[in-house]
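Listing of target_29.tsv, TSV, C-alpha atoms
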chain	number	residue	atom	x	y	z
O	9	MET	CA	-34.09	-54.68	46.69
O	10	ALA	CA	-36.47	-51.88	45.70
O	11	GLY	CA	-36.05	-50.38	49.14
O	12	SER	CA	-32.30	-50.44	48.86
O	13	ILE	CA	-32.46	-48.84	45.41
O	14	ARG	CA	-34.79	-46.13	46.72
O	15	GLY	CA	-32.44	-45.68	49.67
O	16	CYS	CA	-29.46	-45.31	47.39
O	17	GLY	CA	-31.37	-42.83	45.26
O	18	MET	CA	-32.36	-40.81	48.29
O	19	ASN	CA	-28.78	-40.85	49.59
O	20	SER	CA	-27.42	-39.65	46.24
O	21	VAL	CA	-30.02	-36.89	46.09
O	22	ALA	CA	-29.20	-35.90	49.67
O	23	SER	CA	-25.49	-35.88	48.97
O	24	THR	CA	-26.09	-33.73	45.88
O	25	ALA	CA	-28.23	-31.36	47.91
O	26	VAL	CA	-25.51	-31.08	50.51
O	27	ALA	CA	-22.77	-30.59	47.95
O	28	THR	CA	-24.61	-27.93	45.98
O	29	PRO	CA	-24.22	-25.12	48.55
O	30	ARG	CA	-20.49	-25.75	48.69
O	31	VAL	CA	-20.21	-25.11	44.97
O	32	ALA	CA	-22.42	-22.05	45.29
O	33	GLU	CA	-20.13	-20.59	47.94
O	34	ARG	CA	-17.38	-20.20	45.35
O	35	GLY	CA	-17.84	-16.82	43.73
O	36	LEU	CA	-15.90	-14.58	41.40
O	37	TRP	CA	-13.53	-13.19	44.03
O	38	SER	CA	-12.76	-16.56	45.65
O	39	ASP	CA	-12.00	-18.07	42.24
O	40	ALA	CA	-9.89	-15.05	41.31
O	41	TRP	CA	-7.92	-15.32	44.56
O	42	ARG	CA	-7.37	-19.03	43.94
O	43	ARG	CA	-6.04	-18.36	40.43
O	44	LEU	CA	-3.91	-15.48	41.69
O	45	ARG	CA	-2.28	-17.68	44.33
O	46	ARG	CA	-1.21	-20.09	41.60
O	47	ASN	CA	0.63	-17.27	39.82
O	48	ARG	CA	4.04	-17.31	41.51
O	49	ALA	CA	5.30	-14.13	39.88
O	50	ALA	CA	2.23	-12.16	40.99
O	51	MET	CA	2.40	-13.51	44.55
O	52	VAL	CA	6.12	-12.74	44.85
O	53	ALA	CA	5.42	-9.25	43.53
O	54	LEU	CA	2.58	-8.75	46.03
O	55	ILE	CA	4.74	-9.92	48.94
O	56	TRP	CA	7.59	-7.63	47.88
O	57	ILE	CA	5.27	-4.60	47.58
O	58	LEU	CA	3.87	-5.25	51.05
O	59	LEU	CA	7.34	-5.77	52.54
O	60	VAL	CA	8.68	-2.56	51.01
O	61	ALA	CA	5.60	-0.61	52.14
O	62	VAL	CA	5.90	-1.90	55.71
O	63	LEU	CA	9.64	-1.28	55.72
O	64	ALA	CA	9.12	2.27	54.46
O	65	VAL	CA	6.64	2.97	57.26
O	66	VAL	CA	8.37	1.35	60.25
O	67	GLY	CA	11.98	1.08	59.09
O	68	PRO	CA	13.09	4.67	59.85
O	69	TYR	CA	11.78	4.42	63.43
O	70	PHE	CA	14.21	1.58	64.17
O	71	SER	CA	17.20	3.46	62.79
O	72	PRO	CA	19.35	5.47	65.17
O	73	HIS	CA	19.83	8.13	62.49
O	74	PRO	CA	17.18	10.82	61.92
O	75	PHE	CA	16.08	11.70	58.43
O	76	ASP	CA	18.06	14.92	58.10
O	77	GLU	CA	20.95	14.23	60.52
O	78	LEU	CA	24.39	15.21	59.23
O	79	ASP	CA	27.11	12.76	60.26
O	80	TRP	CA	30.35	14.70	59.74
O	81	ASP	CA	32.45	11.63	60.53
O	82	HIS	CA	30.80	9.50	57.80
O	83	MET	CA	30.40	11.63	54.70
O	84	GLY	CA	30.12	9.73	51.44
O	85	VAL	CA	30.66	6.34	53.12
O	86	PRO	CA	29.94	3.26	50.91
O	87	PRO	CA	27.62	0.47	52.13
O	88	GLN	CA	29.18	-1.68	54.87
O	89	MET	CA	27.22	-4.23	56.88
O	90	GLU	CA	29.28	-3.75	60.00
O	91	ALA	CA	29.27	0.06	59.80
O	92	ALA	CA	26.83	2.48	61.40
O	93	HIS	CA	25.33	3.24	57.98
O	94	TRP	CA	24.91	-0.16	56.35
O	95	LEU	CA	23.58	1.29	53.08
O	96	GLY	CA	26.10	4.11	53.14
O	97	THR	CA	25.66	7.86	53.34
O	98	ASP	CA	25.42	10.73	50.89
O	99	ARG	CA	27.88	13.59	50.52
O	100	LEU	CA	26.37	15.38	53.53
O	101	GLY	CA	26.63	12.33	55.80
O	102	ARG	CA	22.90	11.56	55.81
O	103	ASP	CA	21.97	7.91	56.20
O	104	LEU	CA	20.98	6.53	52.80
O	105	PHE	CA	18.74	3.78	54.19
O	106	VAL	CA	16.54	6.23	56.12
O	107	ARG	CA	16.37	8.68	53.22
O	108	THR	CA	15.49	5.89	50.78
O	109	MET	CA	12.72	4.61	53.03
O	110	TYR	CA	11.29	8.12	53.29
O	111	GLY	CA	11.61	8.38	49.51
O	112	VAL	CA	9.70	5.12	49.03
O	113	ARG	CA	7.03	6.35	51.44
O	114	ILE	CA	6.51	9.63	49.59
O	115	SER	CA	6.62	8.00	46.15
O	116	LEU	CA	4.01	5.42	47.17
O	117	GLN	CA	1.81	8.10	48.73
O	118	ILE	CA	1.88	10.24	45.60
O	119	GLY	CA	1.39	7.20	43.37
O	120	LEU	CA	-1.61	5.93	45.33
O	121	LEU	CA	-3.27	9.34	45.77
O	122	ALA	CA	-2.73	10.33	42.13
O	123	THR	CA	-4.15	6.97	41.04
O	124	PHE	CA	-7.20	7.57	43.25
O	125	VAL	CA	-7.80	10.96	41.59
O	126	SER	CA	-7.36	9.37	38.16
O	127	LEU	CA	-9.68	6.52	39.12
O	128	LEU	CA	-12.41	8.84	40.42
O	129	ILE	CA	-12.46	11.12	37.38
O	130	GLY	CA	-11.98	8.34	34.82
O	131	VAL	CA	-14.73	6.07	36.16
O	132	VAL	CA	-17.32	8.86	36.45
O	133	TRP	CA	-16.46	10.31	33.04
O	134	GLY	CA	-16.24	7.00	31.17
O	135	ALA	CA	-19.32	5.41	32.76
O	136	THR	CA	-21.44	8.48	32.04
O	137	ALA	CA	-20.27	8.75	28.43
O	138	GLY	CA	-20.68	5.04	27.72
O	139	TYR	CA	-24.12	4.64	29.28
O	140	VAL	CA	-25.76	7.90	28.17
O	141	GLY	CA	-24.36	7.71	24.62
O	142	GLY	CA	-25.44	9.97	21.78
O	143	ARG	CA	-24.12	13.50	21.51
O	144	ILE	CA	-23.07	13.58	25.14
O	145	ASP	CA	-20.82	10.58	24.59
O	146	HIS	CA	-19.48	12.15	21.38
O	147	TRP	CA	-18.51	15.47	22.94
O	148	MET	CA	-17.18	13.94	26.14
O	149	MET	CA	-14.85	11.60	24.23
O	150	ARG	CA	-13.78	14.34	21.81
O	151	PHE	CA	-12.67	16.30	24.88
O	152	VAL	CA	-10.63	13.26	25.94
O	153	ASP	CA	-9.10	13.09	22.44
O	154	VAL	CA	-8.09	16.75	22.65
O	155	LEU	CA	-6.35	16.16	25.99
O	156	TYR	CA	-4.66	13.08	24.51
O	157	ALA	CA	-3.19	15.24	21.75
O	158	LEU	CA	-1.51	17.54	24.27
O	159	PRO	CA	1.92	16.63	25.69
O	160	TYR	CA	1.05	14.87	28.94
O	161	ILE	CA	4.21	15.61	30.87
O	162	PHE	CA	4.17	19.28	29.84
O	163	ILE	CA	0.69	19.69	31.30
O	164	VAL	CA	1.88	18.23	34.59
O	165	ILE	CA	4.93	20.51	34.59
O	166	ILE	CA	2.75	23.58	33.95
O	167	LEU	CA	0.33	22.64	36.72
O	168	SER	CA	3.16	21.94	39.15
O	169	THR	CA	4.82	25.30	38.42
O	170	LEU	CA	1.61	27.34	38.73
O	171	PHE	CA	1.26	26.36	42.38
O	172	GLU	CA	3.65	26.00	45.28
O	173	ARG	CA	6.63	23.92	44.21
O	174	GLY	CA	7.20	20.85	46.34
O	175	ASN	CA	3.65	20.71	47.75
O	176	ILE	CA	2.82	16.99	47.80
O	177	PHE	CA	-0.95	17.53	47.50
O	178	VAL	CA	-0.55	19.81	44.50
O	179	LEU	CA	1.85	17.29	42.97
O	180	PHE	CA	-0.43	14.26	43.26
O	181	PHE	CA	-3.44	16.30	42.08
O	182	ALA	CA	-1.52	17.60	39.06
O	183	ILE	CA	-0.45	14.08	38.09
O	184	GLY	CA	-3.84	12.48	38.74
O	185	ALA	CA	-5.89	15.25	37.13
O	186	VAL	CA	-4.46	14.46	33.68
O	187	GLY	CA	-3.89	10.72	34.18
O	188	TRP	CA	-7.53	9.66	33.89
O	189	LEU	CA	-7.80	9.61	30.08
O	190	THR	CA	-7.02	5.94	29.50
O	191	MET	CA	-9.17	4.97	32.47
O	192	ALA	CA	-12.11	6.88	30.95
O	193	ARG	CA	-11.74	5.06	27.64
O	194	ILE	CA	-11.58	1.64	29.29
O	195	VAL	CA	-14.62	2.33	31.46
O	196	ARG	CA	-16.58	3.73	28.51
O	197	GLY	CA	-15.99	0.57	26.48
O	198	GLN	CA	-17.17	-1.61	29.36
O	199	ALA	CA	-20.21	0.61	29.96
O	200	LEU	CA	-21.20	0.35	26.27
O	201	SER	CA	-21.35	-3.43	26.55
O	202	LEU	CA	-23.06	-3.45	29.96
O	203	LYS	CA	-25.95	-1.16	29.02
O	204	ARG	CA	-27.22	-3.78	26.55
O	205	ARG	CA	-27.48	-6.46	29.24
O	206	GLU	CA	-30.81	-7.81	30.45
O	207	PHE	CA	-30.50	-6.53	34.04
O	208	ILE	CA	-30.06	-2.96	32.74
O	209	GLU	CA	-33.20	-3.30	30.62
O	210	ALA	CA	-35.03	-4.66	33.66
O	211	ALA	CA	-33.89	-1.68	35.73
O	212	LEU	CA	-35.10	0.72	33.02
O	213	ALA	CA	-38.43	-1.05	32.87
O	214	SER	CA	-38.74	-0.68	36.64
O	215	GLY	CA	-38.33	3.08	36.35
O	216	VAL	CA	-34.85	3.34	37.91
O	217	SER	CA	-33.20	6.69	37.17
O	218	THR	CA	-29.99	7.06	35.18
O	219	PRO	CA	-27.80	8.09	38.16
O	220	ALA	CA	-29.11	5.11	40.14
O	221	ILE	CA	-28.37	2.71	37.29
O	222	LEU	CA	-24.85	4.08	37.02
O	223	ALA	CA	-24.26	3.78	40.76
O	224	ARG	CA	-25.98	0.42	41.37
O	225	HIS	CA	-25.42	-1.54	38.16
O	226	ILE	CA	-22.82	-0.05	35.80
O	227	VAL	CA	-20.00	0.93	38.18
O	228	PRO	CA	-20.14	-2.23	40.40
O	229	ASN	CA	-19.79	-4.42	37.30
O	230	LEU	CA	-16.67	-2.49	36.26
O	231	ILE	CA	-14.70	-3.35	39.40
O	232	GLY	CA	-12.71	-6.17	37.81
O	233	PRO	CA	-11.24	-4.22	34.84
O	234	VAL	CA	-10.79	-1.14	37.02
O	235	ILE	CA	-8.75	-3.04	39.63
O	236	ILE	CA	-6.54	-4.46	36.91
O	237	TYR	CA	-5.87	-1.06	35.39
O	238	VAL	CA	-5.31	0.55	38.80
O	239	THR	CA	-2.42	-1.85	39.52
O	240	LEU	CA	-0.91	-0.81	36.19
O	241	THR	CA	-1.57	2.90	36.80
O	242	ILE	CA	0.20	3.10	40.17
O	243	PRO	CA	3.68	2.44	38.69
O	244	GLN	CA	2.95	5.01	35.97
O	245	MET	CA	2.17	7.64	38.59
O	246	ILE	CA	5.27	6.73	40.61
O	247	LEU	CA	7.37	7.00	37.47
O	248	PHE	CA	5.91	10.41	36.56
O	249	GLU	CA	6.52	11.69	40.08
O	250	SER	CA	10.09	10.37	39.97
O	251	PHE	CA	10.63	12.09	36.63
O	252	LEU	CA	9.34	15.41	37.95
O	253	SER	CA	11.49	15.09	41.07
O	254	PHE	CA	14.46	14.22	38.86
O	255	LEU	CA	13.88	17.49	36.99
O	256	GLY	CA	13.63	19.39	40.29
O	257	LEU	CA	9.90	20.08	39.95
O	258	GLY	CA	8.73	17.49	42.46
O	259	VAL	CA	9.53	16.96	46.11
O	260	GLN	CA	11.94	19.55	47.50
O	261	GLU	CA	14.55	19.42	50.25
O	262	PRO	CA	14.63	18.45	53.06
O	263	LEU	CA	12.08	15.86	51.89
O	264	ALA	CA	13.08	13.29	49.33
O	265	SER	CA	11.41	10.94	46.90
O	266	LEU	CA	12.97	8.17	44.84
O	267	GLY	CA	13.24	10.53	41.88
O	268	SER	CA	15.11	13.23	43.82
O	269	LEU	CA	17.41	10.62	45.37
O	270	ILE	CA	18.18	9.22	41.92
O	271	ASN	CA	18.90	12.76	40.74
O	272	GLU	CA	21.36	13.25	43.59
O	273	GLY	CA	22.94	9.86	42.92
O	274	ALA	CA	23.31	10.58	39.21
O	275	GLN	CA	25.41	13.63	40.00
O	276	GLU	CA	27.76	11.47	42.12
O	277	MET	CA	27.63	8.37	39.91
O	278	GLU	CA	31.33	8.27	39.10
O	279	SER	CA	32.60	8.59	42.66
O	280	ALA	CA	29.69	7.28	44.79
O	281	VAL	CA	27.72	4.84	42.67
O	282	TRP	CA	25.79	3.45	45.68
O	283	MET	CA	23.93	6.77	45.97
O	284	LEU	CA	22.37	5.95	42.61
O	285	LEU	CA	22.03	2.17	42.90
O	286	VAL	CA	20.16	2.06	46.23
O	287	PRO	CA	17.14	4.25	45.31
O	288	ALA	CA	17.18	3.03	41.70
O	289	THR	CA	16.96	-0.60	42.86
O	290	PHE	CA	13.90	0.12	45.01
O	291	LEU	CA	12.26	2.09	42.19
O	292	VAL	CA	12.86	-0.58	39.53
O	293	THR	CA	11.74	-3.48	41.73
O	294	LEU	CA	8.58	-1.64	42.78
O	295	LEU	CA	7.66	-0.82	39.18
O	296	MET	CA	8.28	-4.40	38.07
O	297	SER	CA	6.30	-5.78	41.01
O	298	PHE	CA	3.26	-3.65	40.25
O	299	ASN	CA	3.39	-4.73	36.61
O	300	PHE	CA	3.67	-8.42	37.54
O	301	LEU	CA	0.78	-8.01	39.99
O	302	GLY	CA	-1.33	-6.29	37.35
O	303	ASP	CA	-0.68	-9.10	34.86
O	304	GLY	CA	-1.59	-11.67	37.50
O	305	LEU	CA	-4.82	-9.88	38.39
O	306	ARG	CA	-5.74	-9.66	34.72
O	307	ASP	CA	-5.35	-13.42	34.35
O	308	ALA	CA	-7.12	-14.13	37.64
O	309	LEU	CA	-10.15	-11.95	36.90
O	310	ASP	CA	-10.54	-13.21	33.33
O	311	PRO	CA	-13.57	-15.53	33.37
O	312	ARG	CA	-12.27	-17.35	30.28
O	313	ASP	CA	-9.44	-18.79	32.43
O	314	ALA	CA	-11.85	-20.28	34.99
Output the file's structure as structure tokens, nothing else.
Amino acid sequence: MAGSIRGCGMNSVASTAVATPRVAERGLWSDAWRRLRRNRAAMVALIWILLVAVLAVVGPYFSPHPFDELDWDHMGVPPQMEAAHWLGTDRLGRDLFVRTMYGVRISLQIGLLATFVSLLIGVVWGATAGYVGGRIDHWMMRFVDVLYALPYIFIVIILSTLFERGNIFVLFFAIGAVGWLTMARIVRGQALSLKRREFIEAALASGVSTPAILARHIVPNLIGPVIIYVTLTIPQMILFESFLSFLGLGVQEPLASLGSLINEGAQEMESAVWMLLVPATFLVTLLMSFNFLGDGLRDALDPRDA
């Protein structure tokens, strides 16, 4: 009997020892991915964003109509599934599907690149201000407050008019260079709470320099909030680019973005409403999808929901 009890005890201990590594294998990112998969709205949004991105990249190559081809026999044709232009054409006979896919491509490029610029400046600025503290933090955040007081869109318009109009690189830099303010504030708040943690004190006691602490300990622990805010920043950047293109300060002919296509469609809204509805539908669904994805990531990366 005693032997069987000892055997049972040893088996239970062995089973616990075997099961323990399986639990340890589940980390933050695996748990976050599991929670994200349970969020149907976020997963549908992610699938739609990927589908639109793939379609924007490969779709025009499968179309028989070049981007700037003028079809004199089909000028201002409405969408018809059995026709040569199944999403219709504009007033110059250009295929609306191909132009919309190019518009999505350019809008996503500008949105992603401008977000990257905003992310880079905001993380460096906010992490430095939050960790160093003192007068440096005070003056750095007062500079952010001054920029906040200025009209955001006017700054972008001024920057875009000082340089070559229609240059995509100048456009995404102008949008991203003044879009880092909120990111800096979020990162600063996180850095203020992180610098009081035990592992930061241990690093200081070990003689680790301030730049090394920022690079090795502060910034890596900000990845979760930063990823969440990035997914919410991308639609902002796309919307700003679309607004500038709508005003004629963004992408110029023969290129097109969603904003410039919506501007063209608005001028023909009464007689050719499809010219407005097609690019507007892609813009609205993309913005909504990024917002749904950002909300899902926020819930998935929140440790309180574990």
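For the set O:Val292, O:Leu44, O:Leu104, O:Ala157, the residue with the smallest atom-to-atom gap to Leu247 in chain O is O:Val292, counting only C-alpha atoms.
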Residues near Ile208 in chain O, cut-off 12 Å, all atoms listed in the file, skip fewer than 5 positions along chain, as a short mmCIF file (atom, residue, chain, number, x, y, z; two decimals) with C-alpha atoms, keeping the file's coordinate frame:
data_model
loop_
_atom_site.label_atom_id
_atom_site.label_comp_id
_atom_site.auth_asym_id
_atom_site.auth_seq_id
_atom_site.Cartn_x
_atom_site.Cartn_y
_atom_site.Cartn_z
CA TYR O 139 -24.12 4.64 29.28
CA ALA O 199 -20.21 0.61 29.96
CA LEU O 200 -21.20 0.35 26.27
CA SER O 201 -21.35 -3.43 26.55
CA LEU O 202 -23.06 -3.45 29.96
CA LYS O 203 -25.95 -1.16 29.02
CA ALA O 213 -38.43 -1.05 32.87
CA SER O 214 -38.74 -0.68 36.64
CA GLY O 215 -38.33 3.08 36.35
CA VAL O 216 -34.85 3.34 37.91
CA SER O 217 -33.20 6.69 37.17
CA THR O 218 -29.99 7.06 35.18
CA ALA O 220 -29.11 5.11 40.14
CA ILE O 221 -28.37 2.71 37.29
CA LEU O 222 -24.85 4.08 37.02
CA ALA O 223 -24.26 3.78 40.76
CA ARG O 224 -25.98 0.42 41.37
CA HIS O 225 -25.42 -1.54 38.16
CA ILE O 226 -22.82 -0.05 35.80
CA ASN O 229 -19.79 -4.42 37.30
#
Checklist outcome for this item: One residue among O:Ala50, O:Ala280, O:Met191, O:Val286 is nearest to Ile235 in chain O when using all atoms listed in the file, and that residue is O:Met191
Next on the checklist: Please list as a PyMOL selection string every residue within 12 Å of Ser126 in chain O, counting all atoms listed in the file and excluding residues in the same chain fewer than 2 positions away.
Outcome noted: chain O and resi 118-124+128-134+180-192+234+237-238+241-242+244-245
Write the residues of the selection above to a file with C-alpha atoms, as a short mmCIF file (atom, residue, chain, number, x, y, z; two decimals), in the frame of the given file.
data_model
loop_
_atom_site.label_atom_id
_atom_site.label_comp_id
_atom_site.auth_asym_id
_atom_site.auth_seq_id
_atom_site.Cartn_x
_atom_site.Cartn_y
_atom_site.Cartn_z
CA ILE O 118 1.88 10.24 45.60
CA GLY O 119 1.39 7.20 43.37
CA LEU O 120 -1.61 5.93 45.33
CA LEU O 121 -3.27 9.34 45.77
CA ALA O 122 -2.73 10.33 42.13
CA THR O 123 -4.15 6.97 41.04
CA PHE O 124 -7.20 7.57 43.25
CA LEU O 128 -12.41 8.84 40.42
CA ILE O 129 -12.46 11.12 37.38
CA GLY O 130 -11.98 8.34 34.82
CA VAL O 131 -14.73 6.07 36.16
CA VAL O 132 -17.32 8.86 36.45
CA TRP O 133 -16.46 10.31 33.04
CA GLY O 134 -16.24 7.00 31.17
CA PHE O 180 -0.43 14.26 43.26
CA PHE O 181 -3.44 16.30 42.08
CA ALA O 182 -1.52 17.60 39.06
CA ILE O 183 -0.45 14.08 38.09
CA GLY O 184 -3.84 12.48 38.74
CA ALA O 185 -5.89 15.25 37.13
CA VAL O 186 -4.46 14.46 33.68
CA GLY O 187 -3.89 10.72 34.18
CA TRP O 188 -7.53 9.66 33.89
CA LEU O 189 -7.80 9.61 30.08
CA THR O 190 -7.02 5.94 29.50
CA MET O 191 -9.17 4.97 32.47
CA ALA O 192 -12.11 6.88 30.95
CA VAL O 234 -10.79 -1.14 37.02
CA TYR O 237 -5.87 -1.06 35.39
CA VAL O 238 -5.31 0.55 38.80
CA THR O 241 -1.57 2.90 36.80
CA ILE O 242 0.20 3.10 40.17
CA GLN O 244 2.95 5.01 35.97
CA MET O 245 2.17 7.64 38.59
#
Next on the checklist: So that I can check the surroundings of Pro287 in chain O, please list as a PyMOL selection string every protein, DNA and RNA residue that reaches within 10 Å of it, counting all atoms listed in the file and ignoring chain neighbours fewer than 4 positions away.
Outcome noted: chain O and resi 104-105+107-109+111-112+265-271+273+282-283+291-292
Next on the checklist: Would you compute the distance between CA of Leu263 in chain O and CA of Tyr110 in chain O? Give it in Å to one decimal.
Outcome noted: 7.9 Å
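Between Leu309 in chain O and the residues O:Leu95, O:Leu252, O:Val140, O:Ile231, the shortest atom-to-atom distance, using all atoms listed in the file, involves O:Ile231.
Here the question is which of O:Gln117, O:Asn299, O:Thr293, O:Thr97 gets nearest to His73 in chain O using all atoms listed in the file, and that residue is O:Thr97.
In this comparison, which uses all atoms listed in the file, the residue of O:Thr239, O:Ile165, O:Pro72, O:Glu278 approaching Phe300 in chain O most closely is O:Thr239.
Going from CA of Leu305 in chain O to CA of Pro243 in chain O covers 15.0 Å.
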